[in-house]
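The file work-v6.cif contains mmCIF, C-alpha atoms:
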data_query
loop_
_atom_site.label_atom_id
_atom_site.label_comp_id
_atom_site.auth_asym_id
_atom_site.auth_seq_id
_atom_site.Cartn_x
_atom_site.Cartn_y
_atom_site.Cartn_z
CA MET W 1 -48.53 102.83 37.29
CA LYS W 2 -52.28 103.04 37.77
CA THR W 3 -53.78 103.46 41.21
CA LYS W 4 -56.04 100.52 42.06
CA ALA W 5 -59.37 101.51 43.51
CA LEU W 6 -62.81 100.14 44.26
CA ARG W 7 -65.86 102.34 44.34
CA HIS W 8 -68.81 102.00 46.72
CA GLY W 9 -71.21 104.79 45.75
CA GLU W 10 -69.70 108.12 46.72
CA ILE W 11 -66.71 106.57 48.49
CA ALA W 12 -63.63 104.94 46.96
CA PHE W 13 -61.22 102.46 48.52
CA VAL W 14 -57.77 103.12 47.11
CA ALA W 15 -55.18 100.37 47.62
CA ILE W 16 -52.08 101.58 49.52
CA LYS W 17 -49.02 99.74 50.83
CA LYS W 18 -49.29 100.57 54.52
CA LEU W 19 -51.22 102.62 57.02
CA PRO W 20 -49.93 106.08 57.97
CA ASP W 21 -48.70 106.46 61.57
CA ASN W 22 -50.69 107.77 64.51
CA LEU W 23 -54.12 106.56 63.54
CA THR W 24 -56.83 105.71 66.04
CA LYS W 25 -58.98 102.67 65.43
CA ALA W 26 -62.67 103.54 65.13
CA THR W 27 -65.20 101.87 67.41
CA THR W 28 -68.01 102.17 64.88
CA ASN W 29 -68.79 100.09 61.82
CA ILE W 30 -70.23 103.14 60.02
CA ILE W 31 -67.85 104.44 57.39
CA VAL W 32 -70.10 107.22 56.14
CA THR W 33 -73.54 108.33 57.27
CA GLY W 34 -75.91 108.86 54.36
CA SER W 35 -78.21 111.88 54.35
CA HIS W 36 -81.20 109.64 53.65
CA GLY W 37 -80.52 107.13 56.37
CA ASN W 38 -78.50 104.81 54.15
CA ASN W 39 -75.13 104.38 55.82
CA HIS W 40 -72.04 102.76 54.35
CA THR W 41 -71.09 100.13 56.92
CA PHE W 42 -68.76 97.14 57.03
CA SER W 43 -67.90 93.93 58.83
CA GLY W 44 -64.44 92.36 59.06
CA GLY W 45 -61.25 94.42 59.23
CA SER W 46 -60.28 97.64 61.02
CA LEU W 47 -61.46 101.17 60.33
CA TYR W 48 -59.48 104.33 61.06
CA LEU W 49 -61.46 107.54 60.57
CA LEU W 50 -59.77 110.94 60.43
CA PRO W 51 -61.27 113.63 62.69
CA LYS W 52 -62.11 115.63 59.55
CA LEU W 53 -61.79 115.27 55.81
CA GLU W 54 -58.19 115.85 54.67
CA GLY W 55 -58.60 116.78 51.05
CA TYR W 56 -60.47 113.80 49.71
CA ILE W 57 -59.26 111.37 52.38
CA MET W 58 -61.62 110.54 55.21
CA GLY W 59 -59.87 107.53 56.71
CA TYR W 60 -58.30 104.12 56.20
CA LEU W 61 -59.47 100.53 56.24
CA VAL W 62 -57.47 97.38 56.77
CA ALA W 63 -59.66 94.83 55.01
CA GLU W 64 -59.62 91.26 56.26
CA ASN W 65 -62.53 89.22 55.00
CA THR W 66 -64.38 92.53 54.71
CA THR W 67 -67.94 92.98 53.51
CA LEU W 68 -69.29 96.42 52.74
CA TYR W 69 -72.98 97.10 53.30
CA HIS W 70 -75.28 99.67 51.77
CA PRO W 71 -78.89 99.10 50.69
CA GLU W 72 -78.19 100.54 47.25
CA HIS W 73 -74.60 99.61 46.46
CA GLY W 74 -73.76 95.93 46.17
CA ASP W 75 -75.49 92.70 45.28
CA GLU W 76 -79.21 92.11 45.80
CA LYS W 77 -78.58 91.90 49.56
CA GLY W 78 -76.69 95.21 49.56
CA GLU W 79 -73.36 93.49 50.20
CA ALA W 80 -70.00 93.93 48.48
CA LYS W 81 -66.83 91.93 49.19
CA LEU W 82 -63.69 94.03 49.51
CA PRO W 83 -60.45 92.15 48.77
CA ASP W 84 -58.04 91.91 51.72
CA GLY W 85 -55.57 94.78 51.84
CA VAL W 86 -54.89 98.28 53.13
CA TYR W 87 -57.05 101.05 51.73
CA GLU W 88 -57.27 104.80 51.85
CA ILE W 89 -60.95 105.83 51.97
CA ARG W 90 -61.80 108.75 49.74
CA LYS W 91 -65.02 110.73 49.64
CA GLN W 92 -66.25 111.87 46.25
CA GLN W 93 -66.36 115.62 45.72
CA GLU W 94 -67.84 117.70 42.99
CA PHE W 95 -66.64 120.84 41.35
CA THR W 96 -68.82 123.92 41.73
CA PRO W 97 -68.16 127.55 40.75
CA GLU W 98 -67.58 128.16 44.49
CA GLY W 99 -65.05 125.31 44.83
CA LEU W 100 -65.02 121.60 45.64
CA VAL W 101 -67.81 120.25 47.82
CA PRO W 102 -68.23 116.70 49.15
CA VAL W 103 -70.99 114.83 47.34
CA ILE W 104 -74.08 114.66 49.54
CA ASP W 105 -76.30 111.74 48.80
CA MET N 1 -86.67 82.11 52.32
CA GLU N 2 -88.91 79.08 52.61
CA TYR N 3 -91.52 79.08 55.34
CA SER N 4 -94.81 77.47 56.23
CA GLN N 5 -98.24 78.68 55.16
CA GLN N 6 -98.96 79.73 58.76
CA THR N 7 -95.92 82.00 58.76
CA ALA N 8 -96.84 83.33 55.32
CA ASP N 9 -100.24 84.25 56.79
CA LEU N 10 -98.54 86.03 59.69
CA ILE N 11 -96.42 88.09 57.28
CA ASP N 12 -99.57 88.95 55.33
CA ARG N 13 -101.16 90.25 58.53
CA MET N 14 -98.09 92.43 59.15
CA CYS N 15 -98.17 93.79 55.62
CA ARG N 16 -101.88 94.54 55.84
CA TYR N 17 -101.63 96.95 58.76
CA VAL N 18 -98.76 98.82 57.13
CA GLU N 19 -100.38 98.95 53.72
CA ARG N 20 -103.79 100.04 54.92
CA GLU N 21 -105.35 102.68 52.72
CA ASP N 22 -106.66 104.95 55.43
CA PHE N 23 -106.39 105.65 59.13
CA LYS N 24 -107.77 103.13 61.51
CA LEU N 25 -107.67 103.52 65.24
CA ASP N 26 -109.75 101.69 67.79
CA GLU N 27 -108.35 103.38 70.88
CA LYS N 28 -110.09 101.06 73.33
CA VAL N 29 -108.90 97.81 71.73
CA ALA N 30 -105.39 99.13 71.02
CA LYS N 31 -104.94 100.33 74.59
CA GLU N 32 -106.28 97.10 76.08
CA LYS N 33 -104.01 94.93 73.91
CA ILE N 34 -100.90 96.82 74.93
CA LEU N 35 -101.91 96.74 78.60
CA GLN N 36 -102.40 92.98 78.37
CA THR N 37 -98.69 92.66 77.62
CA TYR N 38 -98.09 93.85 81.22
CA ASP N 39 -100.50 91.22 82.53
CA LEU N 40 -98.69 88.54 80.55
CA PHE N 41 -95.48 89.21 82.49
CA ASN N 42 -97.24 89.89 85.80
CA LEU N 43 -96.20 93.52 85.69
CA PRO N 44 -98.39 96.30 87.09
CA ARG N 45 -100.21 98.25 84.41
CA PRO N 46 -99.13 101.92 84.10
CA LYS N 47 -101.35 104.26 86.09
CA LYS N 48 -101.99 106.61 83.21
CA VAL N 49 -102.30 106.27 79.41
CA VAL N 50 -101.77 109.30 77.16
CA TRP N 51 -102.40 109.36 73.42
CA CYS N 52 -100.07 111.49 71.27
CA LYS N 53 -100.80 112.56 67.71
CA ASP N 54 -97.49 111.42 66.16
CA ILE N 55 -93.96 110.45 67.16
CA PHE N 56 -92.86 114.10 67.00
CA ASP N 57 -95.42 115.11 69.62
CA LYS N 58 -93.59 116.91 72.45
CA LYS N 59 -95.06 114.65 75.13
CA TYR N 60 -93.86 111.57 73.24
CA VAL N 61 -90.38 112.91 72.50
CA THR N 62 -89.89 113.89 76.14
CA ALA N 63 -91.00 110.46 77.32
CA LEU N 64 -88.69 108.84 74.75
CA ASP N 65 -85.75 110.90 75.97
CA SER N 66 -86.20 109.89 79.57
CA ALA N 67 -86.97 106.25 78.82
CA GLY N 68 -84.37 105.87 76.08
CA SER N 69 -81.40 106.27 78.36
CA ALA N 70 -82.30 103.02 80.06
CA TRP N 71 -82.40 101.15 76.79
CA SER N 72 -79.52 99.43 75.11
CA ALA N 73 -78.95 101.30 71.87
CA GLY N 74 -76.64 98.50 70.82
CA SER N 75 -79.32 95.88 70.83
CA ALA N 76 -81.69 98.07 68.86
CA GLY N 77 -78.96 98.71 66.31
CA SER N 78 -78.23 95.06 65.80
CA ALA N 79 -81.90 94.34 65.26
CA TRP N 80 -81.97 96.89 62.46
CA SER N 81 -78.91 95.58 60.73
CA ALA N 82 -80.36 92.07 60.78
CA ARG N 83 -83.64 93.23 59.31
CA SER N 84 -84.31 92.23 55.75
CA ALA N 85 -86.47 94.23 53.37
CA TRP N 86 -88.79 91.43 52.40
CA SER N 87 -91.99 93.14 53.34
CA ALA N 88 -93.54 96.55 53.47
CA TRP N 89 -93.55 96.80 57.23
CA SER N 90 -89.79 96.75 57.32
CA ALA N 91 -89.79 100.03 55.39
CA LEU N 92 -91.82 101.70 58.10
CA SER N 93 -89.81 100.19 60.90
CA ALA N 94 -86.52 101.11 59.26
CA TRP N 95 -87.78 104.66 58.89
CA SER N 96 -88.74 104.76 62.55
CA ALA N 97 -85.12 103.92 63.30
CA GLY N 98 -84.07 107.25 61.90
CA SER N 99 -86.91 109.31 63.29
CA ALA N 100 -86.82 110.92 66.68
CA GLY N 101 -84.85 107.99 68.07
CA SER N 102 -88.06 106.05 68.17
CA ALA N 103 -86.85 102.77 66.68
CA TRP N 104 -87.33 100.70 69.77
CA SER N 105 -90.65 102.27 70.64
CA ALA N 106 -92.25 100.95 67.46
CA LEU N 107 -94.43 98.00 68.37
CA ASP N 108 -93.03 95.97 65.47
CA TYR N 109 -89.36 96.80 65.98
CA ASP N 110 -88.66 93.19 66.90
CA PHE N 111 -91.02 91.55 64.43
CA ASP N 112 -88.34 89.90 62.34
CA TRP N 113 -87.73 87.72 65.42
CA PHE N 114 -91.48 87.18 65.76
CA VAL N 115 -91.52 85.73 62.23
CA ILE N 116 -88.51 83.50 62.91
CA GLU N 117 -89.83 82.30 66.26
CA HIS N 118 -93.29 81.74 64.82
CA GLU N 119 -91.85 79.63 62.02
CA TYR N 120 -89.70 77.67 64.49
CA CYS N 121 -92.69 76.85 66.67
CA ALA N 122 -95.29 76.39 63.93
CA ASN N 123 -93.23 74.32 61.54
CA ARG N 124 -91.52 71.66 63.63
CA LYS N 125 -91.07 69.33 60.65
CA ASP N 126 -88.63 71.62 58.84
CA ASN N 127 -86.91 73.20 61.84
CA LEU N 128 -84.42 71.14 63.77
CA GLY N 129 -83.75 71.79 67.44
CA ASP N 130 -85.39 71.51 70.84
CA GLU N 131 -89.13 71.54 71.19
CA PRO N 132 -90.50 75.04 71.95
CA ASN N 133 -90.68 75.71 75.69
CA GLU N 134 -92.75 78.03 77.89
CA ASN N 135 -90.56 81.02 77.08
CA ASP N 136 -91.09 80.49 73.35
CA LYS N 137 -94.83 80.36 73.92
CA LYS N 138 -94.78 83.50 76.06
CA TYR N 139 -92.79 85.40 73.46
CA LEU N 140 -95.31 84.41 70.77
CA ALA N 141 -98.22 85.42 73.01
CA TYR N 142 -96.55 88.80 73.66
CA SER N 143 -95.88 89.36 69.96
CA GLU N 144 -99.45 88.38 69.08
CA LEU N 145 -100.77 91.04 71.48
CA LEU N 146 -98.52 93.63 69.84
CA LEU N 147 -99.74 92.58 66.41
CA GLU N 148 -103.37 92.87 67.52
CA ALA N 149 -102.62 96.35 68.92
CA LEU N 150 -101.06 97.26 65.56
CA GLU N 151 -104.11 95.93 63.77
CA ALA N 152 -106.23 98.18 65.99
CA GLY N 153 -104.11 101.14 64.87
CA LEU N 154 -101.47 101.55 67.57
CA GLY N 155 -97.95 102.08 66.19
CA TYR N 156 -95.65 103.21 69.00
CA ARG N 157 -95.49 103.22 72.76
CA VAL N 158 -93.16 104.32 75.47
CA GLU N 159 -93.53 104.22 79.24
CA SER N 160 -92.16 106.91 81.47
CA GLU N 161 -92.88 107.63 85.12
CA ASP N 162 -95.81 105.22 85.30
CA THR N 163 -97.44 106.77 82.24
CA LEU N 164 -97.84 104.95 78.97
CA TYR N 165 -97.60 107.21 75.92
CA LEU N 166 -99.22 105.85 72.76
CA VAL N 167 -98.98 106.95 69.10
CA PRO N 168 -101.18 105.64 66.28
CA THR N 169 -99.71 104.02 63.17
CA PRO N 170 -99.26 106.46 60.31
CA VAL N 171 -100.65 105.82 56.85
CA ILE N 172 -97.78 105.20 54.49
CA ARG N 173 -97.32 104.97 50.74
CA ILE N 174 -94.50 102.92 49.25
CA ASP N 175 -93.29 101.98 45.78
CA GLU N 176 -92.64 98.51 44.35
CA GLN N 177 -89.26 98.43 46.11
CA ASN N 178 -90.77 99.19 49.54
CA ARG N 179 -89.40 102.73 49.54
CA PHE N 180 -91.50 105.61 50.81
CA HIS N 181 -92.97 107.14 47.73
CA SER N 182 -96.00 109.03 46.52
CA THR N 183 -96.51 111.56 43.78
CA LYS N 184 -100.02 112.32 45.04
CA GLU N 185 -99.86 112.76 48.80
CA PRO N 186 -97.50 112.56 51.78
CA ALA N 187 -95.80 109.17 51.88
CA ILE N 188 -96.06 109.19 55.69
CA ARG N 189 -98.87 110.94 57.52
CA TRP N 190 -100.65 110.85 60.83
CA LYS N 191 -104.23 111.97 61.19
CA GLY N 192 -103.98 115.59 62.32
CA GLY N 193 -100.24 115.17 62.75
CA ALA N 194 -96.97 115.09 60.84
CA GLU N 195 -96.80 114.67 57.08
CA GLN N 196 -93.65 113.70 55.22
CA TYR N 197 -93.07 113.73 51.49
CA TYR N 198 -90.92 111.18 49.71
CA LEU N 199 -90.05 110.22 46.16
CA ARG N 200 -88.33 106.86 45.65
CA GLY N 201 -87.28 106.79 49.30
CA VAL N 202 -85.81 110.30 49.27
CA ARG N 203 -87.40 112.88 51.52
CA PHE N 204 -88.30 116.39 50.30
CA ASP N 205 -89.90 119.47 51.79
CA GLN N 206 -93.50 119.74 50.65
CA ASP N 207 -92.71 122.76 48.48
CA TRP N 208 -89.93 120.98 46.57
CA TRP N 209 -91.90 117.75 46.33
CA GLN N 210 -94.83 119.62 44.77
CA LYS N 211 -92.63 121.37 42.22
CA ILE N 212 -90.91 118.13 41.27
CA VAL N 213 -94.02 116.02 40.79
CA ASN N 214 -95.69 118.81 38.83
CA ASP N 215 -92.52 119.25 36.72
CA GLU N 216 -92.38 122.95 37.59
CA LEU N 217 -88.60 123.17 37.94
CA ASP N 218 -86.36 124.36 35.14
CA PRO N 219 -83.12 122.45 34.50
CA GLU N 220 -80.98 125.33 35.80
CA THR N 221 -82.69 125.07 39.17
CA ILE N 222 -82.37 121.29 39.20
CA PHE N 223 -78.64 121.36 38.45
CA ALA N 224 -78.15 123.89 41.25
CA ILE N 225 -79.59 121.51 43.89
CA ASP N 226 -76.72 120.73 46.25
CA ASN N 227 -77.92 117.33 47.41
CA LEU N 228 -76.98 114.77 44.75
CA GLU N 229 -79.95 112.49 45.51
CA HIS N 230 -82.41 115.40 45.40
CA ARG N 231 -80.85 116.53 42.12
CA ARG N 232 -81.12 113.00 40.71
CA ILE N 233 -84.79 112.60 41.64
CA ALA N 234 -85.69 116.09 40.40
CA TYR N 235 -83.97 115.32 37.09
CA GLU N 236 -85.76 111.96 36.87
CA TYR N 237 -89.13 113.69 37.07
CA MET N 238 -88.19 116.53 34.70
CA ASP N 239 -89.39 116.46 31.11
CA LYS N 240 -86.02 115.85 29.38
CA THR N 241 -86.90 118.08 26.43
CA LYS N 242 -86.31 120.96 28.86
CA MET N 243 -82.57 120.27 28.58
CA LYS N 244 -82.72 122.12 25.28
CA GLN N 245 -83.60 125.25 27.25
CA LEU N 246 -80.10 125.27 28.71
CA LYS N 247 -78.00 127.85 26.96
CA ASP N 248 -75.06 126.48 24.93
CA PHE N 249 -75.87 122.90 25.93
CA LYS N 250 -73.17 120.57 24.59
CA VAL N 251 -72.00 117.02 25.07
CA LEU N 252 -68.19 117.29 25.36
CA ASP N 253 -67.32 113.62 25.72
CA GLU N 254 -69.05 110.23 25.66
CA GLN N 255 -67.55 106.96 26.94
CA VAL N 256 -68.62 103.59 28.28
CA ASP N 257 -67.35 102.81 31.78
CA GLU N 258 -65.84 99.55 33.10
CA LYS N 259 -69.34 98.29 33.97
CA GLY N 260 -70.71 98.96 30.50
CA ASN N 261 -72.64 102.09 31.49
CA GLN N 262 -72.73 105.25 29.41
CA MET N 263 -70.81 108.28 30.71
CA LYS N 264 -70.95 111.83 29.35
CA ILE N 265 -69.59 115.25 30.04
CA VAL N 266 -72.27 117.87 29.40
CA SER N 267 -71.79 121.61 29.54
CA PHE N 268 -74.06 124.63 29.45
CA THR N 269 -74.11 128.21 30.62
CA VAL N 270 -76.41 129.78 33.17
CA LYS N 271 -77.31 133.37 33.97
CA GLY N 272 -74.90 135.10 36.32
CA VAL N 273 -72.03 132.61 35.89
CA ASP N 274 -69.37 133.53 33.29
CA GLU N 275 -67.88 130.11 32.70
CA SER N 276 -69.77 127.10 31.35
CA LEU N 277 -70.91 124.60 33.96
CA LYS N 278 -69.78 121.05 33.31
CA TYR N 279 -71.31 117.87 34.67
CA TYR N 280 -70.05 114.31 34.64
CA ASN N 281 -73.16 112.28 33.74
CA CYS N 282 -72.97 108.65 34.88
CA PHE N 283 -75.03 105.68 36.03
CA CYS N 284 -74.75 103.84 39.34
CA PRO N 285 -73.55 100.28 38.57
CA SER N 286 -75.80 98.79 41.29
CA THR N 287 -79.06 100.69 40.84
CA GLY N 288 -78.77 101.99 37.27
CA ARG N 289 -79.70 105.45 38.53
CA GLU N 290 -78.52 108.43 36.55
CA TYR N 291 -76.39 111.10 38.26
CA PHE N 292 -74.84 114.44 37.33
CA VAL N 293 -71.69 115.34 39.25
CA GLY N 294 -70.13 118.80 38.83
CA THR N 295 -66.67 118.71 37.24
CA ASP N 296 -64.02 120.95 35.68
CA LYS N 297 -62.82 118.18 33.33
CA ASP N 298 -63.67 117.67 29.66
CA LYS N 299 -63.20 113.89 29.57
CA CYS N 300 -65.33 111.31 31.37
CA ILE N 301 -62.45 109.16 32.62
CA GLU N 302 -60.63 112.20 34.02
CA ALA N 303 -63.81 113.55 35.60
CA LYS N 304 -64.56 110.25 37.35
CA ALA N 305 -61.03 109.94 38.76
CA ALA N 306 -60.84 113.63 39.67
CA SER N 307 -64.07 113.42 41.66
CA PHE N 308 -62.07 111.24 44.09
CA GLY N 309 -58.93 113.41 43.83
CA LEU N 310 -57.19 110.83 41.65
CA SER N 311 -55.68 111.05 38.19
CA ASP N 312 -54.83 107.63 36.76
CA VAL N 313 -57.07 104.90 38.20
CA GLY N 314 -57.74 101.28 37.44
CA TRP N 315 -61.21 100.64 38.85
CA VAL N 316 -61.01 97.07 40.16
CA ASN N 317 -64.70 96.91 41.02
CA GLU N 318 -67.64 99.24 41.54
CA TRP N 319 -70.94 98.95 43.32
#
As a first step, turn the structure in this file into structure tokens.
Amino acid sequence: MKTKALRHGEIAFVAIKKLPDNLTKATTNIIVTGSHGNNHTFSGGSLYLLPKLEGYIMGYLVAENTTLYHPEHGDEKGEAKLPDGVYEIRKQQEFTPEGLVPVID
Amino acid sequence: MEYSQQTADLIDRMCRYVEREDFKLDEKVAKEKILQTYDLFNLPRPKKVVWCKDIFDKKYVTALDSAGSAWSAGSAGSAWSARSAWSAWSALSAWSAGSAGSAWSALDYDFDWFVIEHEYCANRKDNLGDEPNENDKKYLAYSELLLEALEAGLGYRVESEDTLYLVPTPVIRIDEQNRFHSTKEPAIRWKGGAEQYYLRGVRFDQDWWQKIVNDELDPETIFAIDNLEHRRIAYEYMDKTKMKQLKDFKVLDEQVDEKGNQMKIVSFTVKGVDESLKYYNCFCPSTGREYFVGTDKDKCIEAKAASFGLSDVGWVNEW
């Protein structure tokens, strides 16, 4: 069965059944800070960020009437509606001769 | 957004000081206008006024640090998130937000509210609600003084220990999408002060900026750039016939993605690396920008999924 995912620039929201245990709810609405000042942010729902990247996984989002914001990814207002659900947040990485490195944009 | 002619004129005034072609600073007028904002609220004027060359000036940064702790970062943040990009000045203000923590010290940091309040007061026919009161009038008077100071060339101010530190407005260059951009000169510069180079809203060191705009980079160098946005811009400015210079250049796979955009896997070899380098070539579904992402896969679909550590994905939506 195919994994269902939604992509927002260099991050992907992968649908999962439930949250892992022992997560701490984030107090920020910034999912990822962009290197050029363009952050991926959201409204609606709960964000759980891991202290550091675990493989590709950087955190989790329980989406409830969630809108994602980024000036360059979304509609003309930079908004994207994420369907309600539980998501694993993955950061895109690229292959280099030295190994995998997170995509910096 | 529909608004009255008077508000349209106000926005034009805001755009004019940001889009000015060259430096303009009338120190006397600018200083007096900003000091009049103290008079407006019956506050004592600061004892001393110090001009700084740019917002990175040590005196200014130190004053910002000491004054900033008393400011609510939360309120500044919410103002930014509410800001729309409908005019050039928002580009400058948004940039200030990320520079030296100076967002709130920009004279126009609150100017989206100035526009809204101005429209509310000036266009009573189309705006329901109570009649404007004294506070509305005072806010407009305050904002008008700030605008006049901006028109005289003042961009930023901060007060610390009874001293008012002032910084002129930089000259900026933007593209048609209000992003900092210039292929000819710094996109942001202060007279005798800082200069910053941008292409399509992406900042570069002067050395890299010069090489990119003069198309002096070879494709090997461009593909080795670690920042994806820098790589994308450098590739955009590169004469594409240079791709033929890449040794053993091949297109391994070509597909169309779920959004109808072309995807490719390209490979080539470079000096000093035994194995071929492979890149997943794709287009952003929102901006249409072209990217090259390093991969070890031969097929586009696999490369896209693998870049997120996945293997068999149904992409429900993409932005």
message: Under the PyMOL selection byres ((chain W and resi 88) around 6), which residues of this model are included? Write them out as a ChimeraX atom specification.
response: /W:13-14,60,87,89
field: Distance query range 128-144 of chain N at most 8 Å, only C-alpha atoms, self and fewer than 6 positions along chain excluded, as a list in words
entry: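 What passes the distance filter is Thr37, Leu40, Phe111, Phe114, Glu117, His118, Tyr120 and Cys121 of chain N.
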message: Set the cut-off to 9 Å and count all atoms listed in the file: what are the residues of chain W that reach chain N? Output as a PyMOL selection string.
response: chain W and resi 1-12+35-37+55-57+72-77+80+90-97+100+103-105
- prompt: Of the residues N:Tyr3, N:Tyr156, N:Phe249, N:Trp208, which is the one nearest to Thr169 in chain N, using all atoms listed in the file?
  reply: N:Tyr156
query: Do you know which residues the PyMOL selection byres ((chain W and resi 47) around 8) returns on this file, as a PyMOL selection string?
result: chain W and resi 25-26+29+31+45-46+48-49+59-62
- request: Let me know the residues the PyMOL selection byres ((chain N and resi 174) around 12) catches in the file above, as number ranges by chain.
  value: N: 15, 18-21, 87-92, 95, 171-173, 175-188, 197-202
message: Would you compute the distance between CA of Asp26 in chain N and CA of Lys191 in chain N? Give it in Å to one decimal.
response: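 About the pair CA of Asp26 in chain N and CA of Lys191 in chain N: they are 13.4 Å apart.
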task: Can you pull out every residue within 12 Å of Glu151 in chain N, counting only C-alpha atoms, but drop anything in the same chain fewer than 2 positions away, and send it as a ChimeraX atom specification?
output: /N:12-20,23-27,29-31,33-34,107-108,144-149,153-155,168-169
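You can rank W:Leu53, W:Asn22, W:Thr27, W:Asn38 by their closest distance to Pro102 in chain W using all atoms listed in the file, and at the top of that list sits W:Leu53.
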message: Taking 2 positions as the minimum chain separation for residues in the same chain, which residues sit within 7 Å of Lys18 in chain W when counting only C-alpha atoms? Answer as a ChimeraX atom specification.
response: /W:16,20,86
query: For the atom pair CA of Leu252 in chain N and CA of Ile265 in chain N, what is the interatomic distance in Å to one decimal place?
result: 5.3 Å
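What separates CA of Asp9 in chain N from CA of Glu79 in chain W is a distance of 29.2 Å.
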field: Within 12 Å of Thr221 in chain N using only C-alpha atoms, minus same-chain residues under 2 positions, as a ChimeraX atom specification
entry: /N:208,211-212,215-219,223-226,230-231,234-235,238,242-243,245-246,270-271
field: Expected answer as an MDAnalysis selection string: all residues with atoms within 12 Å of (-70.9, 103.8, 28.0), only C-alpha atoms
entry: chainID N and resid 253:265 281:285 300:301
Using only C-alpha atoms, please write the residues we just selected to a file, as a PDB file, in the coordinates of the input.
ATOM      1  CA  ASP N 253     -67.320 113.620  25.720  1.00  0.00           C
ATOM      2  CA  GLU N 254     -69.050 110.230  25.660  1.00  0.00           C
ATOM      3  CA  GLN N 255     -67.550 106.960  26.940  1.00  0.00           C
ATOM      4  CA  VAL N 256     -68.620 103.590  28.280  1.00  0.00           C
ATOM      5  CA  ASP N 257     -67.350 102.810  31.780  1.00  0.00           C
ATOM      6  CA  GLU N 258     -65.840  99.550  33.100  1.00  0.00           C
ATOM      7  CA  LYS N 259     -69.340  98.290  33.970  1.00  0.00           C
ATOM      8  CA  GLY N 260     -70.710  98.960  30.500  1.00  0.00           C
ATOM      9  CA  ASN N 261     -72.640 102.090  31.490  1.00  0.00           C
ATOM     10  CA  GLN N 262     -72.730 105.250  29.410  1.00  0.00           C
ATOM     11  CA  MET N 263     -70.810 108.280  30.710  1.00  0.00           C
ATOM     12  CA  LYS N 264     -70.950 111.830  29.350  1.00  0.00           C
ATOM     13  CA  ILE N 265     -69.590 115.250  30.040  1.00  0.00           C
ATOM     14  CA  ASN N 281     -73.160 112.280  33.740  1.00  0.00           C
ATOM     15  CA  CYS N 282     -72.970 108.650  34.880  1.00  0.00           C
ATOM     16  CA  PHE N 283     -75.030 105.680  36.030  1.00  0.00           C
ATOM     17  CA  CYS N 284     -74.750 103.840  39.340  1.00  0.00           C
ATOM     18  CA  PRO N 285     -73.550 100.280  38.570  1.00  0.00           C
ATOM     19  CA  CYS N 300     -65.330 111.310  31.370  1.00  0.00           C
ATOM     20  CA  ILE N 301     -62.450 109.160  32.620  1.00  0.00           C
TER      21      ILE N 301
END
task: Counting all atoms listed in the file, figure out which residue out of W:Leu50, W:His70, W:Lys81, W:Ala15 gets nearest to Gly34 in chain W.
output: W:His70
- prompt: Which residues, written as a ChimeraX atom specification, have at least one atom at most 8 Å from Ala122 in chain N, with all atoms listed in the file counted and residues fewer than 2 positions away on the same chain left out?
  reply: /N:4,6-7,118-120,124
With C-alpha atoms retained, could you export that selection as a compact mmCIF listing (two decimals), in the coordinates of the input?
# COMPACT_ATOMS: atom_id res chain seq x y z
CA SER N 4 -94.81 77.47 56.23
CA GLN N 6 -98.96 79.73 58.76
CA THR N 7 -95.92 82.00 58.76
CA HIS N 118 -93.29 81.74 64.82
CA GLU N 119 -91.85 79.63 62.02
CA TYR N 120 -89.70 77.67 64.49
CA ARG N 124 -91.52 71.66 63.63
